[in-house]
Amino acid sequence: SPKVAVLCSLDTARVREFTVETSDGRRALAPIPAVATRPFGPCASTHRLDFSAVRGEGQYRLVAAGVRSPLVRISRTAYAGLGDSLLWYMRQQRSGYNPFFRDSVHKKDALLVDHPTREGEFIPVSGGWADAADYLQYVTTSANATYVMMMAYREAPDVWGDAHLADGLPGPNGVPDVLDEARHGLEWLLRMFPEDSLMLNQLGDDRDHAFLDLPTTDSSDYGWGKGGPRPVYPCTGKPQGLFANKNRSTGFASTAGKYTSAFAIGAQLFVDRDSAFARRLRERALVAYEIGRARPGVCQTAPGRSPYFYEEDNWADDMELGATQLFQLTKSVRYLTEAAEYARLEPVTPWMGADTANHYQWYPWHNNGHYELWRGGGAAERATAAGYYREGLERIARRADNGFRIGIPFIWCSANLMVSLATQARLYREMSGDTRFVDMEMAALDWIFGANPWGMSMVIGIPKDGVFPRDPHSVVAKNLGVVLTGGLIDGPVYRSIFQNLRGIHLFQPDEFAAFNVGHVVYHDDMGDYSTNEPIMDGTANLTYLVGALARDGARAAP
């Protein structure tokens, strides 16, 4: 694989060369030229140090301008088991029965709100995952998380372990843990779509944020007493919000498409493991898709007292992905034709090449539908789908002229964008054989695991002996002193975003103050929910990528 380190200097240093040493100090390569590149953020000068010529397995250090890097491990098994480490965080986020606490949480979910005739009716929807460090739950993110974990398994089935039961407790059960976790999501999604005329979208709202409690002692009060039931919101096709703030919902298709894709790929993967479950998933996928066809538009998440919500403005990508999965499930050409029509409505995910975007405005962060259209289509569809991916990557590449090869906008949840950039580049490379974006692909992956101005892995606990967030925005981590292994954090944001969000204040002196002087900031601090909060959907989003990397290593083994 390409191997590039980035030397970030807080002054305008000029570095001409670097060397590579083995772990015992022997020189592994003759001096190599350091390539001067454009500054980025606090880095007044940057240099890219390409040591791809090192192919032997082992541990190495880079030395440049008197600076010695941490040890770098080169190994075919470097990513082996990493996907299973991400699942640790997913299990910790479970609602319903939670194996981390060995207890059930949020047992009273939920009472229906914002419904013209059934207001206050109890709907049994316990389960799923908390979205982040709070305990809100959204179909928007949960259906996508469920889908990508199943995609990760389908694309690399042999790299996943079986060390946990279906309920998340230790012990093998003959099912890869990634499928156990995906099934946990599917079962919740089925509860959230209990009737053809009742498509639910959200459990809880930001009134959750009034108390920093553990999930087992959540004392949020939604009007029915502390620790009482939580509200569940249906899709309505119109703006929602029980108080002064409203979203901009216009239809059902963004949610219906996500239900469709998760159910349809689940029906394919579980047909030989649980045929009755697969039949139920197939039936709900077909119904959800027709609802999306009939009700185009977005079903955004609903704000409570806060003005913040997931401002998803696109829906054609969700319907495209759903249609491709129905084609693969049913073999009906109708769905392939409709998938191509949806693809033409949004060939490029709009944040790609943009300076900024609203919170979750273009979600999911990359469109897996184009890859699935390529998998299932003929020559014309395959060429078109690859072209769509290429155009998005070209837009990002035009902005990636700095030493880190980074061209994303640093909006809230930038780490998610970085994972999706690497994923789309990886998928495009597999689809086309075109390697022109591999430098940007690997730079995005490297950024996630520490090649950034803060030297910080954006995945908690990984690598185990590395530099990763020690003070994330999480009451579980703070109160119990646990490392939330596998949790992808939000990642750096524009300084302007950090300064203008409500309720952010650092609890400790900023240990990265010298590196937070540019236009992008990051704080390893419990008080910064904009950069240091672990996110469930981002963690799931990473499973495909690390699974593919582990598969690469296994295939390369002698």
# chains A, B, ... in the order shown; residues from 1 in each chain; ligands from 1
>>> residues_around(residues="Leu165 (chain A)", least_positions_apart="6", cutoff="10 Å", atoms="only C-alpha atoms", output="PyMOL selection string")
chain A and resi 99+171-177+180-181
>>> select_by_dssp(residues="region 244-487 of chain A", states="alpha helix (DSSP H)", output="PyMOL selection string")
chain A and resi 253-269+275-294+316-330+333-345+368-376+379-397+414-432+438-448+475-480
>>> closest_residue(among="A:Gly403, A:Pro157, A:Gly481, A:Pro234", to="Asp50 (chain A)", atoms="only C-alpha atoms")
A:Gly403
>>> atom_distance(atom1="CA of Ser457 (chain A)", atom2="CA of Ala540 (chain A)")
16.5 Å
>>> residues_around(residues="region 281-284 of chain A", least_positions_apart="6", cutoff="8 Å", atoms="only C-alpha atoms", output="PyMOL selection string")
chain A and resi 190+260+263-264+266-267
>>> residues_around(residues="Glu311 (chain A)", least_positions_apart="6", cutoff="6 Å", atoms="only C-alpha atoms", output="PyMOL selection string")
chain A and resi 359-361
>>> write_last_selection(atoms="all heavy atoms", output="PDB file, in the first residue's frame")
ATOM      1  N   HIS A 359     -25.970  20.928   8.901  1.00  0.00           N
ATOM      2  CA  HIS A 359     -25.726  19.719   9.691  1.00  0.00           C
ATOM      3  C   HIS A 359     -26.468  18.529   9.084  1.00  0.00           C
ATOM      4  O   HIS A 359     -27.689  18.511   9.024  1.00  0.00           O
ATOM      5  CB  HIS A 359     -26.198  19.969  11.127  1.00  0.00           C
ATOM      6  CG  HIS A 359     -25.792  18.913  12.101  1.00  0.00           C
ATOM      7  ND1 HIS A 359     -24.556  18.309  12.107  1.00  0.00           N
ATOM      8  CD2 HIS A 359     -26.477  18.333  13.128  1.00  0.00           C
ATOM      9  CE1 HIS A 359     -24.487  17.426  13.080  1.00  0.00           C
ATOM     10  NE2 HIS A 359     -25.645  17.423  13.709  1.00  0.00           N
ATOM     11  N   TYR A 360     -25.704  17.527   8.600  1.00  0.00           N
ATOM     12  CA  TYR A 360     -26.270  16.339   7.955  1.00  0.00           C
ATOM     13  C   TYR A 360     -27.142  16.711   6.746  1.00  0.00           C
ATOM     14  O   TYR A 360     -28.113  16.025   6.438  1.00  0.00           O
ATOM     15  CB  TYR A 360     -27.084  15.500   8.954  1.00  0.00           C
ATOM     16  CG  TYR A 360     -26.252  14.585   9.819  1.00  0.00           C
ATOM     17  CD1 TYR A 360     -25.375  15.093  10.775  1.00  0.00           C
ATOM     18  CD2 TYR A 360     -26.329  13.204   9.688  1.00  0.00           C
ATOM     19  CE1 TYR A 360     -24.599  14.258  11.576  1.00  0.00           C
ATOM     20  CE2 TYR A 360     -25.564  12.355  10.485  1.00  0.00           C
ATOM     21  CZ  TYR A 360     -24.696  12.889  11.415  1.00  0.00           C
ATOM     22  OH  TYR A 360     -23.939  12.052  12.199  1.00  0.00           O
ATOM     23  N   GLN A 361     -26.780  17.778   6.045  1.00  0.00           N
ATOM     24  CA  GLN A 361     -27.612  18.237   4.934  1.00  0.00           C
ATOM     25  C   GLN A 361     -27.633  17.247   3.785  1.00  0.00           C
ATOM     26  O   GLN A 361     -28.647  17.097   3.112  1.00  0.00           O
ATOM     27  CB  GLN A 361     -27.130  19.600   4.433  1.00  0.00           C
ATOM     28  CG  GLN A 361     -28.011  20.193   3.334  1.00  0.00           C
ATOM     29  CD  GLN A 361     -27.568  21.577   2.928  1.00  0.00           C
ATOM     30  OE1 GLN A 361     -26.543  22.084   3.382  1.00  0.00           O
ATOM     31  NE2 GLN A 361     -28.346  22.204   2.069  1.00  0.00           N
TER      32      GLN A 361
END
>>> residues_around(residues="region 392-395 of chain A", least_positions_apart="6", cutoff="12 Å", atoms="only C-alpha atoms", output="CSV table (one decimal) with N, CA and C atoms, in the first residue's frame")
chain,number,residue,atom,x,y,z
A,346,GLU,N,-29.3,12.7,-8.7
A,346,GLU,CA,-28.2,13.2,-7.8
A,346,GLU,C,-27.0,12.4,-8.2
A,347,PRO,N,-26.3,12.8,-9.2
A,347,PRO,CA,-25.1,12.0,-9.6
A,347,PRO,C,-23.9,12.2,-8.7
A,348,VAL,N,-23.9,13.4,-8.0
A,348,VAL,CA,-22.8,13.6,-7.0
A,348,VAL,C,-23.4,14.1,-5.7
A,349,THR,N,-23.0,13.5,-4.6
A,349,THR,CA,-23.4,13.9,-3.3
A,349,THR,C,-23.0,15.4,-3.1
A,350,PRO,N,-23.9,16.3,-2.9
A,350,PRO,CA,-23.6,17.8,-3.1
A,350,PRO,C,-22.5,18.4,-2.2
A,351,TRP,N,-22.2,17.8,-1.0
A,351,TRP,CA,-21.2,18.4,-0.2
A,351,TRP,C,-19.8,18.3,-0.9
A,352,MET,N,-19.6,17.3,-1.8
A,352,MET,CA,-18.4,17.1,-2.5
A,352,MET,C,-18.0,18.3,-3.3
A,353,GLY,N,-16.9,19.0,-3.0
A,353,GLY,CA,-16.5,20.2,-3.7
A,353,GLY,C,-17.0,21.5,-3.1
A,354,ALA,N,-17.9,21.3,-2.0
A,354,ALA,CA,-18.5,22.5,-1.4
A,354,ALA,C,-17.6,23.0,-0.3
A,355,ASP,N,-17.7,24.3,0.1
A,355,ASP,CA,-17.0,24.9,1.2
A,355,ASP,C,-17.6,24.6,2.5
A,365,TRP,N,-23.3,10.3,3.7
A,365,TRP,CA,-22.2,11.1,3.2
A,365,TRP,C,-21.7,10.7,1.9
A,366,HIS,N,-21.8,9.4,1.5
A,366,HIS,CA,-21.5,9.0,0.1
A,366,HIS,C,-22.7,8.1,-0.3
A,367,ASN,N,-22.9,8.0,-1.6
A,367,ASN,CA,-24.1,7.3,-2.1
A,367,ASN,C,-23.7,5.8,-2.5
A,370,HIS,N,-24.7,4.1,-6.1
A,370,HIS,CA,-24.0,4.1,-7.3
A,370,HIS,C,-23.2,2.8,-7.4
A,385,ALA,N,-22.3,4.8,-13.4
A,385,ALA,CA,-22.1,4.8,-12.0
A,385,ALA,C,-20.7,5.2,-11.6
A,386,ALA,N,-19.7,4.6,-12.3
A,386,ALA,CA,-18.3,4.9,-12.1
A,386,ALA,C,-18.0,6.3,-12.4
A,401,ASP,N,-5.3,20.5,-2.2
A,401,ASP,CA,-3.9,20.9,-2.6
A,401,ASP,C,-3.0,21.2,-1.4
A,406,ILE,N,-6.2,17.0,1.9
A,406,ILE,CA,-7.6,17.0,2.4
A,406,ILE,C,-8.4,18.1,1.7
A,407,GLY,N,-9.6,17.7,1.1
A,407,GLY,CA,-10.4,18.6,0.4
A,407,GLY,C,-11.9,18.6,0.8
A,408,ILE,N,-12.1,18.1,2.1
A,408,ILE,CA,-13.5,18.1,2.5
A,408,ILE,C,-13.8,19.5,3.3
A,409,PRO,N,-15.1,19.8,3.4
A,409,PRO,CA,-15.5,21.0,4.2
A,409,PRO,C,-15.5,20.5,5.7
A,420,SER,N,-16.2,8.6,4.4
A,420,SER,CA,-16.9,8.4,3.2
A,420,SER,C,-16.1,8.8,2.0
A,421,LEU,N,-15.2,9.7,2.1
A,421,LEU,CA,-14.3,10.0,1.0
A,421,LEU,C,-13.4,8.8,0.7
A,422,ALA,N,-12.8,8.3,1.7
A,422,ALA,CA,-12.0,7.1,1.5
A,422,ALA,C,-12.8,5.9,1.0
A,423,THR,N,-14.0,5.8,1.4
A,423,THR,CA,-14.9,4.6,1.0
A,423,THR,C,-15.2,4.8,-0.5
A,424,GLN,N,-15.7,6.0,-0.9
A,424,GLN,CA,-16.0,6.2,-2.3
A,424,GLN,C,-14.8,6.1,-3.2
A,425,ALA,N,-13.6,6.6,-2.8
A,425,ALA,CA,-12.4,6.4,-3.6
A,425,ALA,C,-12.1,4.9,-3.7
A,426,ARG,N,-12.2,4.2,-2.6
A,426,ARG,CA,-12.0,2.7,-2.6
A,426,ARG,C,-12.9,2.0,-3.6
A,427,LEU,N,-14.2,2.3,-3.5
A,427,LEU,CA,-15.2,1.7,-4.3
A,427,LEU,C,-15.0,2.0,-5.8
A,428,TYR,N,-14.6,3.3,-6.1
A,428,TYR,CA,-14.4,3.7,-7.4
A,428,TYR,C,-13.2,2.9,-8.0
A,429,ARG,N,-12.1,2.8,-7.2
A,429,ARG,CA,-10.9,2.0,-7.7
A,429,ARG,C,-11.3,0.6,-8.0
A,434,ASP,N,-9.1,2.4,-11.9
A,434,ASP,CA,-8.4,3.7,-12.0
A,434,ASP,C,-7.9,4.1,-10.7
A,435,THR,N,-6.6,4.3,-10.6
A,435,THR,CA,-5.9,4.5,-9.3
A,435,THR,C,-5.5,6.0,-9.1
A,436,ARG,N,-6.1,6.9,-9.9
A,436,ARG,CA,-5.7,8.3,-9.8
A,436,ARG,C,-6.0,8.9,-8.5
A,437,PHE,N,-7.0,8.4,-7.7
A,437,PHE,CA,-7.3,9.0,-6.4
A,437,PHE,C,-6.8,8.2,-5.2
A,438,VAL,N,-5.9,7.3,-5.5
A,438,VAL,CA,-5.5,6.4,-4.3
A,438,VAL,C,-4.7,7.3,-3.3
A,439,ASP,N,-4.0,8.3,-3.8
A,439,ASP,CA,-3.3,9.2,-2.9
A,439,ASP,C,-4.2,9.9,-1.9
A,440,MET,N,-5.3,10.4,-2.4
A,440,MET,CA,-6.3,11.0,-1.6
A,440,MET,C,-7.1,10.0,-0.7
A,441,GLU,N,-7.3,8.9,-1.3
A,441,GLU,CA,-8.0,7.8,-0.5
A,441,GLU,C,-7.2,7.4,0.7
>>> residues_around(residues="Thr146 (chain A)", least_positions_apart="2", cutoff="6 Å", atoms="only C-alpha atoms", output="PyMOL selection string")
chain A and resi 143-144+148-149+182+185
>>> closest_residue(among="A:Val4, A:Ala323, A:Ala383, A:Ala253", to="Ala294 (chain A)", atoms="only C-alpha atoms")
A:Ala253
>>> atom_distance(atom1="CA of Trp315 (chain A)", atom2="CA of Thr255 (chain A)")
8.1 Å
>>> closest_atom_pairs(of="region 147-207 of chain A", to="region 122-128 of chain A", cutoff="7 Å", atoms="only C-alpha atoms", output="CSV")
residue,atom,partner,partner_atom,distance
A:His184,CA,A:Gly128,CA,6.4
A:Gly185,CA,A:Gly128,CA,5.2
A:Trp188,CA,A:Gly128,CA,5.1
A:Arg191,CA,A:Val125,CA,5.3
A:Met192,CA,A:Val125,CA,6.1
>>> write_last_selection(atoms="N, CA, C and O atoms", output="PDB file, in the first residue's frame")
ATOM      1  N   HIS A 184     -29.680  -6.691  15.210  1.00  0.00           N
ATOM      2  CA  HIS A 184     -30.209  -5.833  16.271  1.00  0.00           C
ATOM      3  C   HIS A 184     -30.819  -4.574  15.665  1.00  0.00           C
ATOM      4  O   HIS A 184     -31.893  -4.124  16.090  1.00  0.00           O
ATOM      5  N   GLY A 185     -30.161  -4.005  14.674  1.00  0.00           N
ATOM      6  CA  GLY A 185     -30.709  -2.831  14.000  1.00  0.00           C
ATOM      7  C   GLY A 185     -31.942  -3.153  13.192  1.00  0.00           C
ATOM      8  O   GLY A 185     -32.931  -2.403  13.217  1.00  0.00           O
ATOM      9  N   TRP A 188     -35.081  -3.512  15.335  1.00  0.00           N
ATOM     10  CA  TRP A 188     -35.618  -2.212  15.756  1.00  0.00           C
ATOM     11  C   TRP A 188     -36.328  -1.516  14.600  1.00  0.00           C
ATOM     12  O   TRP A 188     -37.406  -0.940  14.771  1.00  0.00           O
ATOM     13  N   ARG A 191     -39.758  -2.732  14.221  1.00  0.00           N
ATOM     14  CA  ARG A 191     -40.676  -2.161  15.219  1.00  0.00           C
ATOM     15  C   ARG A 191     -41.057  -0.721  14.864  1.00  0.00           C
ATOM     16  O   ARG A 191     -42.152  -0.267  15.167  1.00  0.00           O
ATOM     17  N   MET A 192     -40.130  -0.014  14.227  1.00  0.00           N
ATOM     18  CA  MET A 192     -40.380   1.377  13.870  1.00  0.00           C
ATOM     19  C   MET A 192     -41.216   1.518  12.596  1.00  0.00           C
ATOM     20  O   MET A 192     -41.609   2.627  12.217  1.00  0.00           O
TER      21      MET A 192
END
>>> residues_around(residues="region 61-64 of chain A", least_positions_apart="5", cutoff="7 Å", atoms="only C-alpha atoms", output="count of residues only")
11
>>> closest_residue(among="A:Ala53, A:Ala302, A:Ile396, A:Val482", to="Phe243 (chain A)", atoms="only C-alpha atoms")
A:Ala302
>>> select_by_dssp(residues="region 39-245 of chain A", states="strand (DSSP E)", output="count of residues only")
36
>>> closest_residue(among="A:Pro463, A:Gly486, A:Pro215, A:Gly56", to="Ile74 (chain A)", atoms="only C-alpha atoms")
A:Gly56
>>> closest_residue(among="A:Val546, A:Val67, A:Leu82, A:Met456", to="Pro469 (chain A)", atoms="only C-alpha atoms")
A:Met456
